[in-house]
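Raw contents of work-v2.csv, CSV, C-alpha atoms and all ligand atoms:
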```
chain,number,residue,atom,x,y,z
A,778,MET,CA,-154.9,-158.4,3.5
A,779,LYS,CA,-152.8,-155.3,2.6
A,780,SER,CA,-150.9,-152.6,4.5
A,781,LEU,CA,-150.5,-149.0,3.6
A,782,LEU,CA,-147.0,-148.2,4.8
A,783,LYS,CA,-146.0,-145.4,2.4
A,784,LEU,CA,-147.0,-143.8,-0.9
A,785,GLU,CA,-143.5,-144.6,-2.2
A,786,THR,CA,-144.5,-148.2,-2.5
A,787,LEU,CA,-148.2,-147.9,-3.3
A,788,SER,CA,-149.2,-148.5,-6.9
A,789,LEU,CA,-151.2,-146.0,-8.9
A,790,ALA,CA,-153.8,-148.7,-9.5
A,791,ASP,CA,-154.2,-149.1,-5.7
A,792,MET,CA,-154.4,-145.3,-5.2
A,793,GLU,CA,-156.9,-144.9,-7.9
A,794,GLY,CA,-159.0,-147.8,-6.6
A,795,ILE,CA,-159.0,-146.2,-3.1
A,796,LEU,CA,-160.0,-142.7,-4.5
A,797,SER,CA,-162.8,-144.2,-6.5
A,798,ALA,CA,-164.1,-146.2,-3.5
A,799,THR,CA,-163.9,-142.9,-1.5
A,800,THR,CA,-166.4,-141.2,-3.9
A,801,THR,CA,-169.0,-144.0,-3.2
A,802,LEU,CA,-168.3,-144.1,0.6
A,803,LYS,CA,-168.7,-140.4,0.9
A,804,ALA,CA,-171.9,-140.3,-1.1
A,805,GLN,CA,-173.4,-143.3,0.8
A,806,ARG,CA,-172.3,-142.3,4.3
A,807,GLY,CA,-174.9,-143.6,6.8
A,808,ARG,CA,-176.3,-146.0,4.2
A,809,HIS,CA,-173.5,-148.4,3.7
A,810,THR,CA,-174.6,-151.8,2.6
A,811,SER,CA,-171.3,-153.6,3.3
A,812,GLN,CA,-169.6,-153.7,6.7
A,813,PRO,CA,-166.1,-155.0,5.8
A,814,LEU,CA,-164.8,-154.7,9.4
A,815,ALA,CA,-167.7,-156.6,11.0
A,816,GLY,CA,-166.3,-158.8,13.8
A,817,HIS,CA,-163.0,-156.9,13.8
A,818,THR,CA,-161.2,-155.1,16.5
A,819,TRP,CA,-158.5,-152.6,15.4
A,820,ALA,CA,-155.9,-150.8,17.4
A,821,LEU,CA,-154.9,-147.2,17.0
A,822,LEU,CA,-151.4,-147.1,18.3
A,823,PHE,CA,-150.2,-143.5,18.6
A,824,SER,CA,-146.9,-142.0,19.9
A,825,LYS,CA,-147.7,-138.5,18.7
A,826,GLN,CA,-150.7,-136.2,19.2
A,827,SER,CA,-153.6,-136.1,16.7
A,828,THR,CA,-157.0,-134.6,16.2
A,829,ARG,CA,-158.1,-135.4,12.7
A,830,THR,CA,-156.3,-138.7,12.2
A,831,ARG,CA,-157.5,-140.2,15.5
A,832,ILE,CA,-161.1,-139.1,15.1
A,833,SER,CA,-161.4,-140.0,11.5
A,834,PHE,CA,-160.0,-143.5,12.0
A,835,GLU,CA,-162.1,-144.1,15.1
A,836,VAL,CA,-165.3,-143.0,13.4
A,837,GLY,CA,-164.3,-144.8,10.1
A,838,ILE,CA,-163.6,-148.2,11.8
A,839,ARG,CA,-167.0,-148.0,13.6
A,840,GLU,CA,-168.9,-147.0,10.5
A,841,LEU,CA,-167.4,-150.0,8.7
A,842,GLY,CA,-168.7,-152.4,11.4
A,843,GLY,CA,-165.5,-152.7,13.5
A,844,GLN,CA,-164.6,-152.0,17.1
A,845,VAL,CA,-161.6,-149.8,17.9
A,846,MET,CA,-159.2,-149.3,20.8
A,847,PHE,CA,-157.0,-146.2,21.1
A,848,LEU,CA,-153.6,-146.9,22.7
A,849,SER,CA,-151.1,-144.2,23.3
A,850,SER,CA,-147.7,-145.7,23.4
A,851,ASN,CA,-147.4,-144.6,27.0
A,852,ASP,CA,-150.6,-146.6,27.9
A,853,ILE,CA,-148.8,-149.9,27.0
A,854,GLN,CA,-145.5,-151.5,27.7
A,855,LEU,CA,-144.1,-150.1,24.4
A,856,GLY,CA,-143.7,-146.8,26.3
A,857,ARG,CA,-141.4,-148.6,28.9
A,858,GLY,CA,-139.2,-150.2,26.2
A,859,GLU,CA,-141.0,-153.4,25.1
A,860,PRO,CA,-139.7,-153.9,21.6
A,861,ILE,CA,-142.0,-153.2,18.6
A,862,LYS,CA,-141.6,-156.8,17.3
A,863,ASP,CA,-142.9,-158.3,20.6
A,864,THR,CA,-145.8,-155.8,20.8
A,865,ALA,CA,-146.6,-156.6,17.2
A,866,ARG,CA,-146.6,-160.4,17.8
A,867,VAL,CA,-149.0,-160.0,20.7
A,868,MET,CA,-151.3,-157.7,18.9
A,869,GLY,CA,-151.2,-159.9,15.8
A,870,ARG,CA,-152.7,-162.8,17.8
A,871,MET,CA,-155.6,-160.7,19.2
A,872,LEU,CA,-156.5,-157.9,16.7
A,873,HIS,CA,-157.5,-157.6,13.1
A,874,GLY,CA,-155.6,-154.5,12.1
A,875,ALA,CA,-153.6,-151.6,13.3
A,876,VAL,CA,-153.3,-147.9,12.5
A,877,ILE,CA,-150.0,-146.5,13.7
A,878,ARG,CA,-148.7,-142.9,14.2
A,879,THR,CA,-145.1,-142.8,15.3
A,880,PHE,CA,-141.6,-141.4,14.6
A,881,ALA,CA,-139.5,-143.9,12.7
A,882,GLN,CA,-140.9,-145.3,9.5
A,883,GLN,CA,-139.0,-148.5,10.3
A,884,ASP,CA,-141.2,-149.1,13.3
A,885,VAL,CA,-144.4,-149.2,11.2
A,886,GLU,CA,-142.7,-151.5,8.8
A,887,GLU,CA,-141.4,-153.8,11.6
A,888,PHE,CA,-144.9,-153.8,13.2
A,889,ALA,CA,-146.5,-154.9,9.9
A,890,ALA,CA,-143.9,-157.6,9.3
A,891,TYR,CA,-144.1,-159.1,12.8
A,892,SER,CA,-147.9,-158.7,13.4
A,893,GLY,CA,-149.1,-160.0,10.1
A,894,LEU,CA,-151.9,-157.5,10.4
A,895,PRO,CA,-153.1,-155.0,7.9
A,896,THR,CA,-151.2,-152.0,9.1
A,897,ILE,CA,-151.8,-148.4,8.1
A,898,ASN,CA,-149.3,-145.6,8.5
A,899,ALA,CA,-151.1,-142.7,10.2
A,900,LEU,CA,-148.0,-140.5,10.0
A,901,THR,CA,-144.3,-141.1,10.6
A,902,ASP,CA,-141.3,-138.8,10.2
A,903,ASP,CA,-141.0,-140.0,6.6
A,904,GLU,CA,-144.5,-140.0,5.2
A,905,HIS,CA,-148.2,-139.1,5.8
A,906,PRO,CA,-149.8,-141.2,3.1
A,907,CYS,CA,-153.5,-141.0,4.3
A,908,GLN,CA,-153.2,-137.2,4.3
A,909,ILE,CA,-152.0,-136.9,0.7
A,910,LEU,CA,-154.6,-139.3,-0.6
A,911,ALA,CA,-157.3,-137.2,1.1
A,912,ASP,CA,-155.7,-134.0,-0.4
A,913,ILE,CA,-155.7,-135.4,-3.9
A,914,PHE,CA,-159.2,-136.6,-3.5
A,915,THR,CA,-160.2,-133.1,-2.4
A,916,PHE,CA,-158.5,-131.5,-5.4
A,917,GLN,CA,-160.1,-133.9,-7.8
A,918,GLU,CA,-163.5,-133.5,-6.3
A,919,LYS,CA,-163.3,-129.8,-6.9
A,920,ARG,CA,-161.2,-129.4,-10.0
A,921,GLY,CA,-161.2,-132.8,-11.9
A,922,SER,CA,-158.1,-134.9,-12.6
A,923,ILE,CA,-154.8,-133.8,-11.0
A,924,ARG,CA,-152.9,-135.2,-13.9
A,925,GLY,CA,-151.1,-132.4,-15.7
A,926,ARG,CA,-151.8,-129.9,-13.0
A,927,THR,CA,-149.3,-127.9,-11.0
A,928,VAL,CA,-149.0,-128.2,-7.2
A,929,ALA,CA,-146.9,-125.7,-5.2
A,930,PHE,CA,-145.8,-126.8,-1.8
A,931,ILE,CA,-144.6,-123.8,0.3
A,932,GLY,CA,-142.6,-124.2,3.5
A,933,ASP,CA,-140.9,-127.2,5.1
A,934,GLY,CA,-140.1,-129.2,2.0
A,935,ALA,CA,-138.2,-131.9,4.0
A,936,CYS,CA,-141.1,-133.1,6.1
A,937,ASN,CA,-143.4,-136.1,6.0
A,938,VAL,CA,-146.2,-134.4,4.2
A,939,ALA,CA,-143.8,-133.0,1.5
A,940,ASN,CA,-142.3,-136.5,1.1
A,941,SER,CA,-145.7,-138.0,0.4
A,942,TRP,CA,-146.5,-135.3,-2.1
A,943,ILE,CA,-143.1,-136.1,-3.8
A,944,PHE,CA,-143.9,-139.8,-4.1
A,945,ALA,CA,-147.4,-139.0,-5.4
A,946,ALA,CA,-146.3,-136.6,-8.1
A,947,ALA,CA,-144.8,-139.0,-10.6
A,948,LYS,CA,-147.5,-141.6,-10.1
A,949,PHE,CA,-150.4,-139.2,-10.6
A,950,GLY,CA,-148.6,-137.2,-13.3
A,951,PHE,CA,-148.7,-133.7,-11.8
A,952,GLU,CA,-145.9,-131.1,-11.6
A,953,LEU,CA,-144.7,-130.5,-8.1
A,954,ARG,CA,-142.9,-127.3,-7.2
A,955,ILE,CA,-141.4,-127.1,-3.7
A,956,ALA,CA,-140.5,-123.7,-2.3
A,957,SER,CA,-138.3,-124.0,0.8
A,958,PRO,CA,-135.2,-122.4,2.2
A,959,SER,CA,-132.1,-124.6,1.5
A,960,PRO,CA,-132.0,-126.3,5.0
A,961,PHE,CA,-135.6,-127.5,4.5
A,962,GLN,CA,-135.4,-128.6,0.9
A,963,PRO,CA,-136.0,-132.3,0.2
A,964,PRO,CA,-132.9,-134.5,0.0
A,965,GLN,CA,-131.7,-135.3,-3.6
A,966,GLN,CA,-131.9,-139.0,-2.8
A,967,ILE,CA,-135.7,-138.7,-2.2
A,968,LEU,CA,-136.2,-136.7,-5.4
A,969,ARG,CA,-134.2,-139.3,-7.3
A,970,ARG,CA,-136.2,-142.2,-5.9
A,971,ALA,CA,-139.5,-140.4,-6.8
A,972,GLY,CA,-138.7,-139.3,-10.3
A,973,GLY,CA,-141.4,-137.2,-12.1
A,974,ARG,CA,-141.6,-133.5,-12.7
A,975,ILE,CA,-140.4,-132.0,-9.4
A,976,SER,CA,-138.6,-128.7,-9.0
A,977,VAL,CA,-137.1,-127.2,-5.9
A,978,THR,CA,-136.6,-123.5,-5.4
A,979,SER,CA,-136.1,-121.0,-2.6
A,980,ASN,CA,-138.3,-118.5,-4.4
A,981,ILE,CA,-142.0,-118.8,-3.4
A,982,GLN,CA,-143.2,-116.5,-6.1
A,983,ASP,CA,-141.6,-118.7,-8.8
A,984,ALA,CA,-143.3,-121.8,-7.3
A,985,ALA,CA,-146.7,-120.2,-7.0
A,986,GLN,CA,-146.8,-118.6,-10.6
A,987,GLY,CA,-149.8,-120.2,-12.4
A,988,ALA,CA,-150.2,-123.1,-9.9
A,989,ASP,CA,-153.5,-125.0,-9.6
A,990,LEU,CA,-152.9,-125.7,-5.9
A,991,LEU,CA,-151.0,-123.9,-3.2
A,992,TYR,CA,-150.3,-126.2,-0.3
A,993,THR,CA,-148.6,-125.8,3.1
A,994,ASP,CA,-147.9,-127.6,6.3
A,995,VAL,CA,-146.6,-126.5,9.7
A,996,TRP,CA,-143.0,-125.3,10.0
A,997,ILE,CA,-142.4,-127.3,13.2
A,998,SER,CA,-143.5,-130.9,12.8
A,999,MET,CA,-144.1,-133.1,15.8
A,1000,GLY,CA,-140.7,-134.1,17.3
A,1001,LYS,CA,-138.9,-131.0,15.9
A,1002,GLU,CA,-139.9,-128.7,18.8
A,1003,ALA,CA,-136.3,-128.3,20.0
A,1004,GLU,CA,-135.6,-126.7,16.6
A,1005,ALA,CA,-138.5,-124.3,16.8
A,1006,LYS,CA,-136.5,-121.0,17.0
A,1007,ASP,CA,-134.2,-121.9,14.1
A,1008,ARG,CA,-137.1,-123.1,12.0
A,1009,ILE,CA,-139.1,-120.0,12.5
A,1010,ASP,CA,-136.1,-117.8,11.7
A,1011,THR,CA,-135.3,-119.7,8.5
A,1012,LEU,CA,-138.8,-120.3,7.3
A,1013,THR,CA,-140.2,-116.8,7.9
A,1014,GLY,CA,-141.5,-115.5,4.6
A,1015,TYR,CA,-142.4,-119.0,3.3
A,1016,GLN,CA,-146.1,-118.2,3.9
A,1017,ILE,CA,-149.3,-118.5,1.8
A,1018,ASN,CA,-151.0,-115.2,1.8
A,1019,GLN,CA,-153.1,-113.2,-0.6
A,1020,GLU,CA,-150.0,-111.8,-2.4
A,1021,LEU,CA,-148.9,-115.3,-3.2
A,1022,VAL,CA,-152.5,-116.5,-4.1
A,1023,ASP,CA,-152.6,-113.6,-6.6
A,1024,LEU,CA,-149.7,-115.3,-8.6
A,1025,ALA,CA,-151.5,-118.6,-8.9
A,1026,ARG,CA,-154.3,-119.4,-11.4
A,1027,PRO,CA,-157.5,-117.5,-10.7
A,1028,ASP,CA,-159.3,-120.7,-9.7
A,1029,ALA,CA,-156.3,-122.1,-7.6
A,1030,LEU,CA,-157.2,-124.0,-4.5
A,1031,VAL,CA,-155.4,-123.4,-1.2
A,1032,MET,CA,-155.0,-126.4,1.1
A,1033,HIS,CA,-153.4,-127.1,4.5
A,1034,CYS,CA,-153.3,-130.5,6.2
A,1035,LEU,CA,-153.9,-128.8,9.6
A,1036,PRO,CA,-153.3,-127.9,12.4
A,1037,ALA,CA,-152.6,-124.4,11.1
A,1038,TYR,CA,-150.4,-121.8,12.7
A,1039,ARG,CA,-151.7,-118.4,11.6
A,1040,GLY,CA,-149.1,-115.8,10.9
A,1041,LYS,CA,-146.5,-118.5,10.1
A,1042,GLU,CA,-147.1,-120.9,7.2
A,1043,ILE,CA,-150.4,-119.2,6.3
A,1044,ASP,CA,-152.0,-115.9,7.4
A,1045,GLU,CA,-155.4,-115.7,9.0
A,1046,PRO,CA,-157.3,-114.0,6.1
A,1047,THR,CA,-156.0,-116.5,3.6
A,1048,LEU,CA,-156.9,-119.5,5.8
A,1049,GLU,CA,-160.4,-118.2,6.4
A,1050,ALA,CA,-160.9,-117.3,2.8
A,1051,HIS,CA,-160.2,-120.9,1.9
A,1052,ALA,CA,-161.7,-122.5,5.0
A,1053,GLY,CA,-164.4,-124.2,2.8
A,1054,THR,CA,-161.7,-126.2,1.0
A,1055,ILE,CA,-159.5,-126.7,4.0
A,1056,PHE,CA,-162.1,-128.2,6.2
A,1057,GLU,CA,-163.6,-130.3,3.5
A,1058,GLU,CA,-160.0,-131.6,3.0
A,1059,ALA,CA,-160.1,-132.5,6.8
A,1060,GLU,CA,-163.5,-134.2,6.4
A,1061,ASN,CA,-162.2,-136.2,3.5
A,1062,ARG,CA,-159.7,-137.9,5.8
A,1063,LEU,CA,-162.7,-139.9,7.1
A,1064,HIS,CA,-164.0,-140.9,3.6
A,1065,VAL,CA,-160.6,-141.7,2.2
A,1066,GLN,CA,-159.5,-143.7,5.2
A,1067,LYS,CA,-162.7,-145.8,5.1
A,1068,ALA,CA,-161.7,-146.7,1.6
A,1069,ILE,CA,-158.2,-147.5,2.8
A,1070,LEU,CA,-159.5,-149.7,5.6
A,1071,SER,CA,-161.9,-151.5,3.1
A,1072,TRP,CA,-159.0,-152.0,0.7
A,1073,SER,CA,-156.7,-153.3,3.4
A,1074,VAL,CA,-159.0,-156.2,4.2
A,1075,SER,CA,-160.0,-157.0,0.7
B,1,LIG,N1,-153.5,-133.5,9.5
B,1,LIG,C1,-153.4,-134.3,10.5
B,1,LIG,O1,-152.9,-135.5,10.4
B,1,LIG,O2,-154.0,-133.9,11.6
B,1,LIG,P1,-153.8,-134.5,13.1
B,1,LIG,O3,-152.4,-134.4,13.5
B,1,LIG,O4,-154.7,-133.7,13.9
B,1,LIG,O5,-154.2,-135.9,13.0
B,2,LIG,N1,-145.7,-132.3,9.3
B,2,LIG,C1,-146.6,-132.3,10.4
B,2,LIG,C2,-147.9,-132.9,9.9
B,2,LIG,C3,-149.0,-132.8,11.0
B,2,LIG,C4,-150.3,-133.4,10.5
B,2,LIG,C5,-146.1,-133.1,11.6
B,2,LIG,O1,-145.4,-134.2,11.4
B,2,LIG,O2,-146.3,-132.7,12.7
```

When written as structure tokens, how does the structure in this file appear?
Ligand code: CP
Ligand code: NVA
Amino acid sequence: MKSLLKLETLSLADMEGILSATTTLKAQRGRHTSQPLAGHTWALLFSKQSTRTRISFEVGIRELGGQVMFLSSNDIQLGRGEPIKDTARVMGRMLHGAVIRTFAQQDVEEFAAYSGLPTINALTDDEHPCQILADIFTFQEKRGSIRGRTVAFIGDGACNVANSWIFAAAKFGFELRIASPSPFQPPQQILRRAGGRISVTSNIQDAAQGADLLYTDVWISMGKEAEAKDRIDTLTGYQINQELVDLARPDALVMHCLPAYRGKEIDEPTLEAHAGTIFEEAENRLHVQKAILSWSVS
């Protein structure tokens, strides 16, 4: 039994094992011989909205032989103040695993500790590990090993998605360039913890030059809506568009975790020109998460 709480603490061996199992699960969709979640009931416990993560986990758990219940935090007593550790101890006696999307990283870690269940981080304010594993799988499916390549992250470099890219970089051995205005650059402490080849700049052209992958995420992450005006004012210009793509390698990929806000972090023509990659990236959430679920119960 294993939990996926953050990429910071996930070993390269585990990540490579998950990505390798993903290739098989994707190729064999609909013809799986093993049902590692047979007899299981898993909970999806979400305190934030979701399209991709919710659907891919619900479908993935069912395809691996398990049953799934979706619980918004407001559906249960957690939303009225019941502590995480009590919720976790109840769920731990009835369920077989949990997938959690919430605000504080500490809450997912506390749930895992008190429930004793395999627990998967489906996005916190600190990390979005399933997303970045699916992103790396997508890159490698199209371009081969990410080791030695250059990834340029454009936009809010201090968000959960950027953090998971930061913790993946040293382990997978790629160069990561983060282009963000200073209020949205990653804290030094996170860069120190991650190590590896990571540079931070406010110049998007410098970051994109010769890159193998241009990547972006929303400017206003869930929970940051009160800062919307300031964020838009400060992040304007930190956009993936054709002018930026022209600076990257001719075969560079453009990826976005979605949802996308056209005219902000990416423009409409660029998103549509790279829709084949971006929606395959979204589909790969399903395949990667089936590999994560299988790993978690192994
Ligand atoms: N990328 C991602 O996690 O999307 P959702 O918020 O729709 O789950
Ligand atoms: N950084 C974004 C990711 C959405 C999938 C958020 O937290 O809202």

So that each row is one residue of stretch 946-978 of chain A with an atom at most 10 Å from stretch 997-1017 of chain A, can you give its shortest atom pair and the distance in Å to one decimal, using all atoms listed in the file, rows by chain and rising number, as a tab-separated table?
```
residue	atom	partner	partner_atom	distance
A:Ala956	CA	A:Tyr1015	CA	7.6
A:Ser957	CA	A:Tyr1015	CA	6.9
A:Pro958	CA	A:Leu1012	CA	6.6
A:Ser959	CA	A:Thr1011	CA	9.1
A:Pro960	CA	A:Thr1011	CA	8.2
A:Phe961	CA	A:Leu1012	CA	8.4
```

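With all atoms listed in the file as the atoms that count, the set of residues no farther than 8 Å from ligand LIG 1 (chain B) is Gln826, Ser827, Thr828, Arg829, Thr830, Arg831, Ile832, Ala899, Leu900, His905, Gln908, Cys1034, Leu1035, Pro1036 and Ala1059 of chain A.
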
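Interatomic distance, atom CA of A:Leu848 to atom CA of A:Thr896: 14.7 Å.
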
Would you mind telling me which residue in A:Leu796, A:Ser824, A:Val977, A:Met1032 lies nearest to A:Leu855 when using all atoms listed in the file?
-> A:Ser824

Determine the nearest neighbour of ligand LIG 2 (chain B) from the options A:Arg970, A:Lys779, A:Arg878, A:Arg954, counting only C-alpha atoms and all ligand atoms.
-> A:Arg878

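One distance worth recording is that between atom C3 of ligand LIG 2 (chain B) and atom CA of A:Asp863, which is 27.9 Å.
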
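Distance annotation: of A:Leu821, A:Ile853, A:Leu991, A:Cys936, the residue with the minimal separation from ligand LIG 2 (chain B) is A:Cys936; atom set is all atoms listed in the file.
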
Tell me which protein, DNA and RNA residues are within 9 Å of A:Phe916, counting all atoms listed in the file, leaving out same-chain ones fewer than 2 positions away, and put them as an NGL selection string.
-> :A and (911-914 or 918-923 or 990 or 1030 or 1032 or 1054 or 1058)

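The residue that comes closest to ligand LIG 2 (chain B), out of A:Ser1073, A:Thr978, A:Ser780, A:Thr901 and on the basis of all atoms listed in the file, is A:Thr901.
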
Do you have the atom CA of A:Gly837-atom CA of A:Lys825 distance handy?
-> 19.7 Å

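Look at A:Pro813: the protein and nucleic acid residues within 9 Å of it, using all atoms listed in the file and passing over chain neighbours fewer than 2 places away, are Ser811, Ala815, Gly816, His817, Leu841, Gly842, Gly843, Leu1070, Ser1071, Val1074 and Ser1075 of chain A.
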
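If only C-alpha atoms are the atoms counted, then among A:Arg1062, A:Asn1018, A:Leu894, A:Arg1026 the closest residue to A:Leu1048 is A:Asn1018.
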
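Considering all atoms listed in the file, the residue among A:Ala946, A:Ala1050, A:Val1065, A:Val938 positioned nearest to ligand LIG 2 (chain B) is A:Val938.
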
Write out as a PyMOL selection string the residues lying within 8 Å of A:Ala1037, counting all atoms listed in the file and excluding same-chain residues fewer than 6 positions away.
-> chain A and resi 994-995+1043

Excluding same-chain residues fewer than 6 positions from A:Glu835, what lies within 10 Å of it counting all atoms listed in the file, as a PDB file with C-alpha atoms, keeping the file's coordinate frame?
```
ATOM      1  CA  TRP A 819    -158.500-152.600  15.400  1.00  0.00           C
ATOM      2  CA  ALA A 820    -155.900-150.800  17.400  1.00  0.00           C
ATOM      3  CA  LEU A 821    -154.900-147.200  17.000  1.00  0.00           C
ATOM      4  CA  ARG A 829    -158.100-135.400  12.700  1.00  0.00           C
ATOM      5  CA  GLY A 843    -165.500-152.700  13.500  1.00  0.00           C
ATOM      6  CA  GLN A 844    -164.600-152.000  17.100  1.00  0.00           C
ATOM      7  CA  VAL A 845    -161.600-149.800  17.900  1.00  0.00           C
ATOM      8  CA  MET A 846    -159.200-149.300  20.800  1.00  0.00           C
ATOM      9  CA  PHE A 847    -157.000-146.200  21.100  1.00  0.00           C
ATOM     10  CA  VAL A 876    -153.300-147.900  12.500  1.00  0.00           C
ATOM     11  CA  LEU A1063    -162.700-139.900   7.100  1.00  0.00           C
TER      12      LEU A1063
END
```

Selection: 12 Å around A:Ile943, all atoms listed in the file, excl. self and same-chain fewer than 6 positions, as a short mmCIF file (atom, residue, chain, number, x, y, z; two decimals) with C-alpha atoms, keeping the file's coordinate frame:
```
data_model
loop_
_atom_site.label_atom_id
_atom_site.label_comp_id
_atom_site.auth_asym_id
_atom_site.auth_seq_id
_atom_site.Cartn_x
_atom_site.Cartn_y
_atom_site.Cartn_z
CA LYS A 783 -146.00 -145.40 2.40
CA LEU A 784 -147.00 -143.80 -0.90
CA GLU A 785 -143.50 -144.60 -2.20
CA ASP A 903 -141.00 -140.00 6.60
CA GLU A 904 -144.50 -140.00 5.20
CA HIS A 905 -148.20 -139.10 5.80
CA PRO A 906 -149.80 -141.20 3.10
CA ILE A 909 -152.00 -136.90 0.70
CA VAL A 928 -149.00 -128.20 -7.20
CA ALA A 929 -146.90 -125.70 -5.20
CA PHE A 930 -145.80 -126.80 -1.80
CA GLY A 934 -140.10 -129.20 2.00
CA ALA A 935 -138.20 -131.90 4.00
CA CYS A 936 -141.10 -133.10 6.10
CA ASN A 937 -143.40 -136.10 6.00
CA PHE A 949 -150.40 -139.20 -10.60
CA GLY A 950 -148.60 -137.20 -13.30
CA PHE A 951 -148.70 -133.70 -11.80
CA GLU A 952 -145.90 -131.10 -11.60
CA LEU A 953 -144.70 -130.50 -8.10
CA ARG A 954 -142.90 -127.30 -7.20
CA ILE A 955 -141.40 -127.10 -3.70
CA GLN A 962 -135.40 -128.60 0.90
CA PRO A 963 -136.00 -132.30 0.20
CA PRO A 964 -132.90 -134.50 0.00
CA GLN A 965 -131.70 -135.30 -3.60
CA GLN A 966 -131.90 -139.00 -2.80
CA ILE A 967 -135.70 -138.70 -2.20
CA LEU A 968 -136.20 -136.70 -5.40
CA ARG A 969 -134.20 -139.30 -7.30
CA ARG A 970 -136.20 -142.20 -5.90
CA ALA A 971 -139.50 -140.40 -6.80
CA GLY A 972 -138.70 -139.30 -10.30
CA GLY A 973 -141.40 -137.20 -12.10
CA ARG A 974 -141.60 -133.50 -12.70
CA ILE A 975 -140.40 -132.00 -9.40
CA SER A 976 -138.60 -128.70 -9.00
CA VAL A 977 -137.10 -127.20 -5.90
#
```

Please fill the gaps in stretch 876-887 of chain A so it has N, CA, C and O atoms, and write that as an mmCIF file, keeping the file's coordinate frame.
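File selection.cif, as written:
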```cif
data_model
loop_
_atom_site.group_PDB
_atom_site.id
_atom_site.type_symbol
_atom_site.label_atom_id
_atom_site.label_comp_id
_atom_site.auth_asym_id
_atom_site.auth_seq_id
_atom_site.Cartn_x
_atom_site.Cartn_y
_atom_site.Cartn_z
ATOM 1 N N VAL A 876 -153.543 -149.179 13.128
ATOM 2 C CA VAL A 876 -153.300 -147.900 12.500
ATOM 3 C C VAL A 876 -152.227 -147.244 13.439
ATOM 4 O O VAL A 876 -152.445 -147.125 14.647
ATOM 5 N N ILE A 877 -151.079 -146.867 12.869
ATOM 6 C CA ILE A 877 -150.000 -146.500 13.700
ATOM 7 C C ILE A 877 -149.466 -145.066 13.374
ATOM 8 O O ILE A 877 -149.219 -144.752 12.205
ATOM 9 N N ARG A 878 -149.323 -144.229 14.391
ATOM 10 C CA ARG A 878 -148.700 -142.900 14.200
ATOM 11 C C ARG A 878 -147.454 -142.904 15.140
ATOM 12 O O ARG A 878 -147.567 -143.070 16.355
ATOM 13 N N THR A 879 -146.290 -142.727 14.531
ATOM 14 C CA THR A 879 -145.100 -142.800 15.300
ATOM 15 C C THR A 879 -143.955 -141.957 14.670
ATOM 16 O O THR A 879 -144.209 -141.185 13.741
ATOM 17 N N PHE A 880 -142.750 -142.116 15.145
ATOM 18 C CA PHE A 880 -141.600 -141.400 14.600
ATOM 19 C C PHE A 880 -140.952 -142.107 13.470
ATOM 20 O O PHE A 880 -141.061 -141.693 12.330
ATOM 21 N N ALA A 881 -140.326 -143.230 13.756
ATOM 22 C CA ALA A 881 -139.500 -143.900 12.700
ATOM 23 C C ALA A 881 -140.403 -144.731 11.775
ATOM 24 O O ALA A 881 -141.213 -145.557 12.216
ATOM 25 N N GLN A 882 -140.206 -144.543 10.488
ATOM 26 C CA GLN A 882 -140.900 -145.300 9.500
ATOM 27 C C GLN A 882 -140.630 -146.829 9.680
ATOM 28 O O GLN A 882 -141.509 -147.676 9.514
ATOM 29 N N GLN A 883 -139.389 -147.121 10.072
ATOM 30 C CA GLN A 883 -139.000 -148.500 10.300
ATOM 31 C C GLN A 883 -139.888 -149.214 11.308
ATOM 32 O O GLN A 883 -140.174 -150.406 11.193
ATOM 33 N N ASP A 884 -140.363 -148.449 12.288
ATOM 34 C CA ASP A 884 -141.200 -149.100 13.300
ATOM 35 C C ASP A 884 -142.540 -149.547 12.764
ATOM 36 O O ASP A 884 -143.042 -150.600 13.154
ATOM 37 N N VAL A 885 -143.119 -148.768 11.847
ATOM 38 C CA VAL A 885 -144.400 -149.200 11.200
ATOM 39 C C VAL A 885 -144.154 -150.423 10.370
ATOM 40 O O VAL A 885 -144.954 -151.367 10.358
ATOM 41 N N GLU A 886 -143.024 -150.404 9.664
ATOM 42 C CA GLU A 886 -142.700 -151.500 8.800
ATOM 43 C C GLU A 886 -142.456 -152.798 9.583
ATOM 44 O O GLU A 886 -142.902 -153.892 9.227
ATOM 45 N N GLU A 887 -141.741 -152.625 10.695
ATOM 46 C CA GLU A 887 -141.400 -153.800 11.600
ATOM 47 C C GLU A 887 -142.739 -154.309 12.185
ATOM 48 O O GLU A 887 -142.946 -155.523 12.265
#
```
